[in-house]
Amino acid sequence: PIIHHSPKPPSNWFYPLQLLAAMNSFQLLLSYSFRHRTSSYATVASPYIQLCRSLSSTAMATPSKQPQKDKDDPTYTLLYHRSPSRSTPPRAMLGISSFNLSYWTWYVADFTPSVNAAAQAKAALGQIDAETLNILLIDPKMGYVGLGVSLAIWGGAFMYVKQLISAIWKGSDGRIAISGLRLPLLTEPKVLKRTVYDPNSNQFDGVENIQFKQSELESENVAFYSHHGDLSISGEK
């Protein structure tokens with residue numbers, strides 16, 4: 001699904017500072033004009049007056065955009081939350097398979113060619129005989145077999161952890177939001193840290209109706225889907 005991110009509205013704290021700086025400049029200009037009894041201060045100060053009015057109108061108009069954004073931001077209710085303690089076995093499986101794949105990659109790409117090249121160099125210099133050379137040489141086929149098996153194990157582990165669901169939300173707009181575990185450490189979305197639940201029974205502790213904004217779910221790269229019918233959680237289904 002394609003997720004559209006809304007740009008963050010600009011902060012409004014800078015407008016009052018600009019307005020204050022413009023007013024101070026205007027007061028200094030008036031004091032200087034009155035001190036030298038000039039009659040042209042109004043003409044010189046006209047651009048500063050227009051600047052103050054422009055900044056004031058901008059500071060007053062900008063906050064009105066925020067309520068419209070909150071109104072158009074649907075809410076999502078949490079239906080399912082996978083216990084973080086259940087991520088330890090798949091995390092270990094992915095880590096061990098990754099290490100195994102790295103080892104056999106090094107074995108094929110560096111170890112075997114280096115040992116064979118050194119043995120052949122000694123044989124060329126007459127330091128070892130043909131029988132010793134055959135003992136020192138490593139058959140590359142063994143490395144490729146190990147690499148293929150380790151790649152298959154790692155691929156299975158990777159596909160398995162990619163199918164694990166960390167949380168499911170039901171939205172007020174009729175859609176559902178699904179989040180998986182994030183690689184490489186298989187962590188859950190940070191937005192779930194404000195939930196309270198019992199990991200053993202998968203029951204929530206008084207926060208069944210906790211609300212999440214669509215904007216904060218989009219910041220966690222949560223996938224959104226349309227569905228038909230009602231959704232509920234019963235055990236692990």
# chains A, B, ... in the order shown; residues from 1 in each chain; ligands from 1

$ closest_atom_pairs --of "stretch 76-160 of chain A" --to "stretch 212-225 of chain A" --cutoff "9 Å" --atoms "only C-alpha atoms" --output "Markdown table"
| residue | atom | partner | partner_atom | distance |
| --- | --- | --- | --- | --- |
| A:Tyr76 | CA | A:Phe212 | CA | 5.0 |
| A:Thr77 | CA | A:Phe212 | CA | 6.4 |
| A:Leu78 | CA | A:Phe212 | CA | 7.7 |

$ write_last_selection --atoms "all heavy atoms" --output "mmCIF file, in the first residue's frame"
data_model
loop_
_atom_site.group_PDB
_atom_site.id
_atom_site.type_symbol
_atom_site.label_atom_id
_atom_site.label_comp_id
_atom_site.auth_asym_id
_atom_site.auth_seq_id
_atom_site.Cartn_x
_atom_site.Cartn_y
_atom_site.Cartn_z
ATOM 1 N N TYR A 76 -7.279 4.999 15.495
ATOM 2 C CA TYR A 76 -7.179 3.543 15.364
ATOM 3 C C TYR A 76 -7.118 2.927 16.751
ATOM 4 O O TYR A 76 -6.370 3.397 17.616
ATOM 5 C CB TYR A 76 -5.948 3.151 14.548
ATOM 6 C CG TYR A 76 -6.129 3.326 13.068
ATOM 7 C CD1 TYR A 76 -6.092 4.577 12.487
ATOM 8 C CD2 TYR A 76 -6.361 2.230 12.240
ATOM 9 C CE1 TYR A 76 -6.273 4.745 11.122
ATOM 10 C CE2 TYR A 76 -6.543 2.385 10.875
ATOM 11 C CZ TYR A 76 -6.495 3.641 10.328
ATOM 12 O OH TYR A 76 -6.684 3.801 8.974
ATOM 13 N N THR A 77 -7.925 1.879 16.954
ATOM 14 C CA THR A 77 -7.980 1.162 18.223
ATOM 15 C C THR A 77 -7.149 -0.112 18.127
ATOM 16 O O THR A 77 -7.272 -0.864 17.164
ATOM 17 C CB THR A 77 -9.431 0.818 18.587
ATOM 18 O OG1 THR A 77 -10.210 2.027 18.612
ATOM 19 C CG2 THR A 77 -9.492 0.146 19.953
ATOM 20 N N LEU A 78 -6.330 -0.363 19.128
ATOM 21 C CA LEU A 78 -5.455 -1.534 19.131
ATOM 22 C C LEU A 78 -6.265 -2.793 19.399
ATOM 23 O O LEU A 78 -6.972 -2.895 20.393
ATOM 24 C CB LEU A 78 -4.367 -1.362 20.192
ATOM 25 C CG LEU A 78 -3.259 -2.415 20.219
ATOM 26 C CD1 LEU A 78 -2.473 -2.386 18.911
ATOM 27 C CD2 LEU A 78 -2.329 -2.166 21.403
#

$ residues_around --residues "A:Ser97" --least-positions-apart "2" --cutoff "9 Å" --atoms "only C-alpha atoms" --output "list in words"
Ala92, Met93, Leu94, Gly95, Phe99, Asn100, Leu101, Ser102, Ser150, Leu151, Ile153, Trp154, Gly155 and Ala157 of chain A

$ closest_residue --among "A:Gly146, A:Pro113, A:Phe158, A:Lys122" --to "A:Ile96" --atoms "only C-alpha atoms"
A:Phe158

$ select_by_dssp --residues "stretch 63-202 of chain A" --states "strand (DSSP E or B)" --output "VMD selection string"
chain A and resid 75 to 81 165 to 171 175 to 180 182 187 197 to 198

$ residues_around --residues "A:Leu183" --least-positions-apart "5" --cutoff "12 Å" --atoms "only C-alpha atoms" --output "ChimeraX atom specification"
/A:87,90-91,94-95,158-159,161-162,164,188-189

$ write_last_selection --atoms "N, CA and C atoms" --output "tab-separated table (two decimals), in the first residue's frame"
chain	number	residue	atom	x	y	z
A	87	SER	N	9.63	-12.62	20.81
A	87	SER	CA	10.53	-12.32	19.69
A	87	SER	C	11.94	-12.86	19.91
A	90	PRO	N	12.75	-16.19	17.46
A	90	PRO	CA	13.03	-15.83	16.05
A	90	PRO	C	14.24	-14.91	15.91
A	91	ARG	N	14.48	-14.06	16.90
A	91	ARG	CA	15.67	-13.20	16.84
A	91	ARG	C	16.95	-14.04	16.89
A	94	LEU	N	17.34	-15.95	13.49
A	94	LEU	CA	17.83	-15.09	12.42
A	94	LEU	C	19.30	-14.74	12.64
A	95	GLY	N	19.70	-14.49	13.89
A	95	GLY	CA	21.08	-14.15	14.17
A	95	GLY	C	22.04	-15.30	13.88
A	158	PHE	N	14.57	-15.70	7.37
A	158	PHE	CA	14.20	-14.33	7.00
A	158	PHE	C	12.74	-14.25	6.60
A	159	MET	N	12.27	-15.19	5.80
A	159	MET	CA	10.87	-15.18	5.39
A	159	MET	C	9.93	-15.41	6.57
A	161	VAL	N	10.45	-14.49	9.84
A	161	VAL	CA	10.34	-13.30	10.70
A	161	VAL	C	9.61	-12.17	9.98
A	162	LYS	N	9.65	-12.15	8.64
A	162	LYS	CA	8.92	-11.12	7.91
A	162	LYS	C	7.42	-11.33	7.97
A	164	LEU	N	5.82	-12.36	10.75
A	164	LEU	CA	5.35	-12.16	12.12
A	164	LEU	C	4.67	-10.80	12.25
A	188	GLU	N	9.49	-4.00	17.99
A	188	GLU	CA	8.15	-3.53	17.68
A	188	GLU	C	8.15	-2.03	17.45
A	189	PRO	N	7.10	-1.46	16.84
A	189	PRO	CA	7.04	-0.02	16.64
A	189	PRO	C	7.10	0.74	17.96

$ closest_residue --among "A:Ala109, A:Leu133, A:Ile210, A:Ile176" --to "A:Val191" --atoms "only C-alpha atoms"
A:Ile210

$ atom_distance --atom1 "atom CA of A:Tyr80" --atom2 "atom CA of A:Ser166"
7.9 Å

$ atom_distance --atom1 "atom CA of A:Val108" --atom2 "atom CA of A:Tyr144"
6.6 Å
